[in-house]
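J.: Encoded as structure tokens, here's the structure I'll be asking about.
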Amino acid sequence: MGCGASIESDSDDPYYQLKKLDKQIERNLLLEKKNSKNPIRLLLLGAGESGKSTVLKQMKILHHIGFTNEDRTLYKTVIWSDAIASFQLLILQAREKKIDLDCDKFENRELFNYKKIIFRASSSIKKNSDPNFNFLNQYLEKYSETSKLKRMEESTGTPDTIWDETSPDQNLKNDQNFYNYTDENYNNSNINEFNQALNEDNMINLKISGFRKDAGTRRKNYIPDPTKSEIAHAIKSLWNNDSGIKKIYARRNEYTIDSNIDYIFNKIECFSNDDYVCTDQDILNARIKTTGVTETHFQIKGSDFTVIDVGGQRSERKKWLSCFKDITAVIFVLAISEYDEKLFEDNNVNRIVESVLLFKSIVNSKWFNETPIIVFLNKTDLFRVKIQTNPLNRYLPGYTGESGNAEDGIQYFENTLKSLNQTSRELYFNETCATDTRQMNFILNAVTDIVIQKNLKAVGLI
Ligand SMILES: Nc1nc2c(ncn2[C@@H]2O[C@H](COP(=O)(O)OP(=O)(O)OP(=O)(O)O)[C@@H](O)[C@H]2O)c(=O)[nH]1
Ligand SMILES: [Mg+2]
């Protein structure tokens, strides 16, 4: 017996080594077999623009699926259109908020002309949108203030908890500490006034009609369409030199504009170049709203993963229920930088309040009784900058941490979310910047380990 024991435990013995290797291979094969019978389904949830699709993009980059040439071309078209529409929006928002723009003053001849180019640039969107004509037509609607009412009509009016019969939202009034946010900075924008400004300029046509109704008149006073490089130069010049543009951009929490539009403006000359191919970083910074449900398949550490991405805006949440079955783990993405911003769907609602309500209904949902929830407290890069000048307790009076202290702020969100969990379900928290590939590599590695372990436990292998 003593002899047998010494052979089994002798790590230098080649026979023992071989036996050990055999056992390991057998076990791995068994795990793979069991895993393939029980593929992992990872569901990304969270409000609109929280960063779900960006997390999925990082998984594609990190697991070598990456982006096709078509993806890169589509993103380039979207980024170009976004840049023009967003710059027009900045000018109109400045006027609405009575911020003086240098480019509105005739004496600033150069800037004045750049502004004209930007308004005439809508035709550039038209020319460049041919392959994705309908897609872009819808896409640009998001910048049209006239569609604000439509957005509210389409919105369900609530964060939506249609996935359970008894909604935990009944208890929301008890959480006054968090939900009783204040909003001294926010003014409801006057849509009529805004539309008037649009008409006055009479040069913006955010809808791509494909036809020129006024062809006759235009032939007489023909002004050639600006070239892409003229448009890029105009955007760059106003972005860098107009003090009014800087002021209205600093107030971007009062209207909806893409989180990383500064990244796009700073690189605008690249995007105007026909030969330029979008980089991974460009794609991570760009935004295309998700509609419907997408499933992407990965092989990660020998396991089959299906990652499910859904649209987070209110009108999209009706579709969520269809993918709640057989979920191994949920990644809930919450953009903590949005504490001073309003919902795109309804600009009477604070974004962070909406996200927290949504989290509360998900974490307590009967659908996820046995499902671990991994929380990504996202957009920490933007949060860290914003909290320096815009104190958290201005919006969330329940926050008693040090003003301007990002760590206190992050801890506050974590504690708030934990306190809403009325189940014994495990929660895992991560601070994330979804556009940072290095950081996400580290975090997603740890997350996939947890999920694989949970899956093995579920099939009784550990
Ligand atoms: N700076 C910064 N930007 C981020 C971060 N995460 C996402 N974004 C940007 O936020 C915008 C929205 O991100 P998406 O991933 O499209 O958001 P989503 O949750 O999929 O939105 P829906 O599809 O509408 O539900 C994109 O422009 C991203 O580049 C982050 O951590 N930091
Ligand atoms: Mg998305």
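Identifiers in the structure tokens: chain A, B, ... in order shown; residue index from 1 per chain; ligand index from 1 in order shown.
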How would you report the residues lying within 6 Å of ligand 1, as a ChimeraX atom specification, if you count only C-alpha atoms and all ligand atoms?
T.: /A:47-54,258-260,284-290,311-313,378-382,432-435
J.: Just want the 12 Å neighbourhood of Cys270 in chain A, counted on only C-alpha atoms, with same-chain residues fewer than 3 positions away dropped. Output as a CSV table (one decimal) with N, CA and C atoms, in the first residue's frame.
T.:
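Contents of selection_11.csv, as written:
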chain,number,residue,atom,x,y,z
A,76,LYS,N,-18.4,54.0,-41.8
A,76,LYS,CA,-17.8,55.3,-42.3
A,76,LYS,C,-19.0,56.2,-42.8
A,79,ILE,N,-20.8,57.5,-39.7
A,79,ILE,CA,-20.0,58.5,-39.0
A,79,ILE,C,-20.0,59.8,-39.7
A,80,TRP,N,-19.9,59.8,-41.0
A,80,TRP,CA,-19.9,61.0,-41.8
A,80,TRP,C,-21.3,61.7,-41.7
A,228,LYS,N,-16.6,67.0,-50.0
A,228,LYS,CA,-16.4,66.4,-48.7
A,228,LYS,C,-15.2,67.1,-47.9
A,229,SER,N,-14.2,67.5,-48.7
A,229,SER,CA,-13.0,68.0,-47.9
A,229,SER,C,-13.4,69.5,-47.5
A,231,ILE,N,-16.4,70.3,-46.5
A,231,ILE,CA,-17.3,70.1,-45.3
A,231,ILE,C,-16.4,69.8,-44.1
A,232,ALA,N,-15.4,68.9,-44.3
A,232,ALA,CA,-14.6,68.5,-43.2
A,232,ALA,C,-13.8,69.7,-42.7
A,233,HIS,N,-13.3,70.5,-43.6
A,233,HIS,CA,-12.5,71.7,-43.2
A,233,HIS,C,-13.4,72.7,-42.4
A,236,LYS,N,-14.1,71.2,-38.9
A,236,LYS,CA,-12.9,71.3,-38.1
A,236,LYS,C,-12.7,72.8,-37.6
A,263,TYR,N,-14.8,62.7,-30.6
A,263,TYR,CA,-13.8,61.8,-31.3
A,263,TYR,C,-13.9,62.0,-32.8
A,264,ILE,N,-15.2,62.0,-33.3
A,264,ILE,CA,-15.5,62.1,-34.7
A,264,ILE,C,-15.1,63.4,-35.3
A,265,PHE,N,-15.5,64.5,-34.6
A,265,PHE,CA,-15.1,65.9,-35.0
A,265,PHE,C,-13.6,66.0,-35.1
A,266,ASN,N,-12.9,65.5,-34.1
A,266,ASN,CA,-11.4,65.6,-34.1
A,266,ASN,C,-10.7,64.9,-35.2
A,267,LYS,N,-11.4,63.9,-35.8
A,267,LYS,CA,-10.9,63.1,-36.9
A,267,LYS,C,-11.6,63.3,-38.2
A,273,ASN,N,-12.0,61.5,-46.4
A,273,ASN,CA,-11.2,60.9,-47.4
A,273,ASN,C,-11.7,59.6,-47.9
A,274,ASP,N,-12.0,59.6,-49.3
A,274,ASP,CA,-12.6,58.4,-49.9
A,274,ASP,C,-11.8,57.1,-49.7
A,275,ASP,N,-10.5,57.2,-49.5
A,275,ASP,CA,-9.7,56.0,-49.3
A,275,ASP,C,-9.6,55.6,-47.9
A,276,TYR,N,-10.1,56.3,-47.0
A,276,TYR,CA,-9.9,56.0,-45.6
A,276,TYR,C,-10.8,54.8,-45.2
A,277,VAL,N,-10.2,53.9,-44.4
A,277,VAL,CA,-10.9,52.7,-44.0
A,277,VAL,C,-11.1,52.8,-42.5
A,278,CYS,N,-12.3,52.7,-41.9
A,278,CYS,CA,-12.5,52.8,-40.5
A,278,CYS,C,-11.7,51.8,-39.7
A,279,THR,N,-11.1,52.3,-38.6
A,279,THR,CA,-10.3,51.4,-37.7
A,279,THR,C,-11.3,50.8,-36.7
A,282,ASP,N,-12.5,53.5,-34.4
A,282,ASP,CA,-13.5,54.3,-35.0
A,282,ASP,C,-14.9,53.7,-34.7
J.: For each of A:Lys105, A:Lys57, A:Lys325, A:Lys457, take the minimum atom-to-atom distance to Asn369 in chain A, counting only C-alpha atoms, then give the residue where this is smallest.
T.: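 Closest to Asn369 in chain A, using only C-alpha atoms: A:Lys325.
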J.: Quote the spacing between CA of Leu29 in chain A and CA of Arg41 in chain A in Å to one decimal place.
T.: 20.5 Å
J.: Can you work out which one of A:Asp71, A:Glu426, A:Asp104, A:Asp309 has the shortest atom-to-atom distance to ligand 2, counting only C-alpha atoms and all ligand atoms?
T.: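 Looking at the shortest contact to ligand 2, the residue is A:Asp309.
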J.: Range 267-458 of chain A: which residues are alpha helix (DSSP H) by DSSP, as a ChimeraX atom specification?
T.: /A:268-271,280-285,351-363,380-389,406-420,437-458
J.: When distances are computed from only C-alpha atoms and all ligand atoms, which of A:Ser424, A:Gln88, A:Thr294, A:Thr256 shows the smallest separation from ligand 2?
T.: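 Counting only C-alpha atoms and all ligand atoms, the residue closest to ligand 2 is A:Thr294.
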J.: Could you tell me how far CA of Ile99 in chain A lies from CA of Tyr249 in chain A, in Å and to one decimal?
T.: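 The value is 10.9 Å.
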J.: For Asn445 in chain A, find every residue with an atom within 12 Å (counting only C-alpha atoms), except residues of its own chain fewer than 5 positions away, and show them as a PDB file with N, CA, C and O atoms, in the first residue's frame.
T.:
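To be explicit, this is the file written out as around.pdb:
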ATOM      1  N   GLN A  58     -16.327  44.646 -28.658  1.00  0.00           N
ATOM      2  CA  GLN A  58     -15.041  44.270 -28.039  1.00  0.00           C
ATOM      3  C   GLN A  58     -14.863  42.761 -28.056  1.00  0.00           C
ATOM      4  O   GLN A  58     -13.747  42.259 -28.296  1.00  0.00           O
ATOM      5  N   MET A  59     -15.944  42.027 -27.825  1.00  0.00           N
ATOM      6  CA  MET A  59     -15.829  40.558 -27.852  1.00  0.00           C
ATOM      7  C   MET A  59     -15.436  40.101 -29.252  1.00  0.00           C
ATOM      8  O   MET A  59     -14.624  39.191 -29.419  1.00  0.00           O
ATOM      9  N   LEU A  62     -11.741  40.880 -29.627  1.00  0.00           N
ATOM     10  CA  LEU A  62     -10.879  40.052 -28.787  1.00  0.00           C
ATOM     11  C   LEU A  62     -10.900  38.581 -29.191  1.00  0.00           C
ATOM     12  O   LEU A  62      -9.940  37.861 -28.980  1.00  0.00           O
ATOM     13  N   HIS A  63     -11.997  38.141 -29.798  1.00  0.00           N
ATOM     14  CA  HIS A  63     -12.076  36.728 -30.205  1.00  0.00           C
ATOM     15  C   HIS A  63     -11.942  36.573 -31.711  1.00  0.00           C
ATOM     16  O   HIS A  63     -12.422  35.600 -32.294  1.00  0.00           O
ATOM     17  N   ILE A 300     -15.122  30.253 -26.866  1.00  0.00           N
ATOM     18  CA  ILE A 300     -14.235  30.868 -25.874  1.00  0.00           C
ATOM     19  C   ILE A 300     -13.773  29.804 -24.891  1.00  0.00           C
ATOM     20  O   ILE A 300     -14.608  29.165 -24.230  1.00  0.00           O
ATOM     21  N   LYS A 301     -12.489  29.614 -24.808  1.00  0.00           N
ATOM     22  CA  LYS A 301     -11.885  28.628 -23.894  1.00  0.00           C
ATOM     23  C   LYS A 301     -12.597  27.278 -23.991  1.00  0.00           C
ATOM     24  O   LYS A 301     -12.983  26.686 -22.982  1.00  0.00           O
ATOM     25  N   THR A 437     -10.099  48.770 -25.329  1.00  0.00           N
ATOM     26  CA  THR A 437      -9.923  47.344 -25.641  1.00  0.00           C
ATOM     27  C   THR A 437      -9.046  46.631 -24.608  1.00  0.00           C
ATOM     28  O   THR A 437      -9.334  45.492 -24.229  1.00  0.00           O
ATOM     29  N   ARG A 438      -8.010  47.294 -24.135  1.00  0.00           N
ATOM     30  CA  ARG A 438      -7.119  46.642 -23.155  1.00  0.00           C
ATOM     31  C   ARG A 438      -7.855  46.325 -21.865  1.00  0.00           C
ATOM     32  O   ARG A 438      -7.776  45.226 -21.332  1.00  0.00           O
ATOM     33  N   GLN A 439      -8.588  47.321 -21.384  1.00  0.00           N
ATOM     34  CA  GLN A 439      -9.321  47.110 -20.133  1.00  0.00           C
ATOM     35  C   GLN A 439     -10.398  46.035 -20.319  1.00  0.00           C
ATOM     36  O   GLN A 439     -10.594  45.171 -19.480  1.00  0.00           O
ATOM     37  N   MET A 440     -11.089  46.090 -21.453  1.00  0.00           N
ATOM     38  CA  MET A 440     -12.176  45.138 -21.681  1.00  0.00           C
ATOM     39  C   MET A 440     -11.632  43.720 -21.863  1.00  0.00           C
ATOM     40  O   MET A 440     -12.307  42.751 -21.508  1.00  0.00           O
ATOM     41  N   ILE A 450     -16.013  33.275 -15.075  1.00  0.00           N
ATOM     42  CA  ILE A 450     -17.137  33.113 -14.125  1.00  0.00           C
ATOM     43  C   ILE A 450     -18.280  32.370 -14.809  1.00  0.00           C
ATOM     44  O   ILE A 450     -18.856  31.432 -14.267  1.00  0.00           O
ATOM     45  N   VAL A 451     -18.575  32.789 -16.039  1.00  0.00           N
ATOM     46  CA  VAL A 451     -19.740  32.222 -16.731  1.00  0.00           C
ATOM     47  C   VAL A 451     -19.502  30.742 -17.042  1.00  0.00           C
ATOM     48  O   VAL A 451     -20.400  29.906 -16.861  1.00  0.00           O
ATOM     49  N   ILE A 452     -18.276  30.398 -17.445  1.00  0.00           N
ATOM     50  CA  ILE A 452     -17.975  28.987 -17.749  1.00  0.00           C
ATOM     51  C   ILE A 452     -18.118  28.156 -16.467  1.00  0.00           C
ATOM     52  O   ILE A 452     -18.736  27.094 -16.458  1.00  0.00           O
TER      53      ILE A 452
END
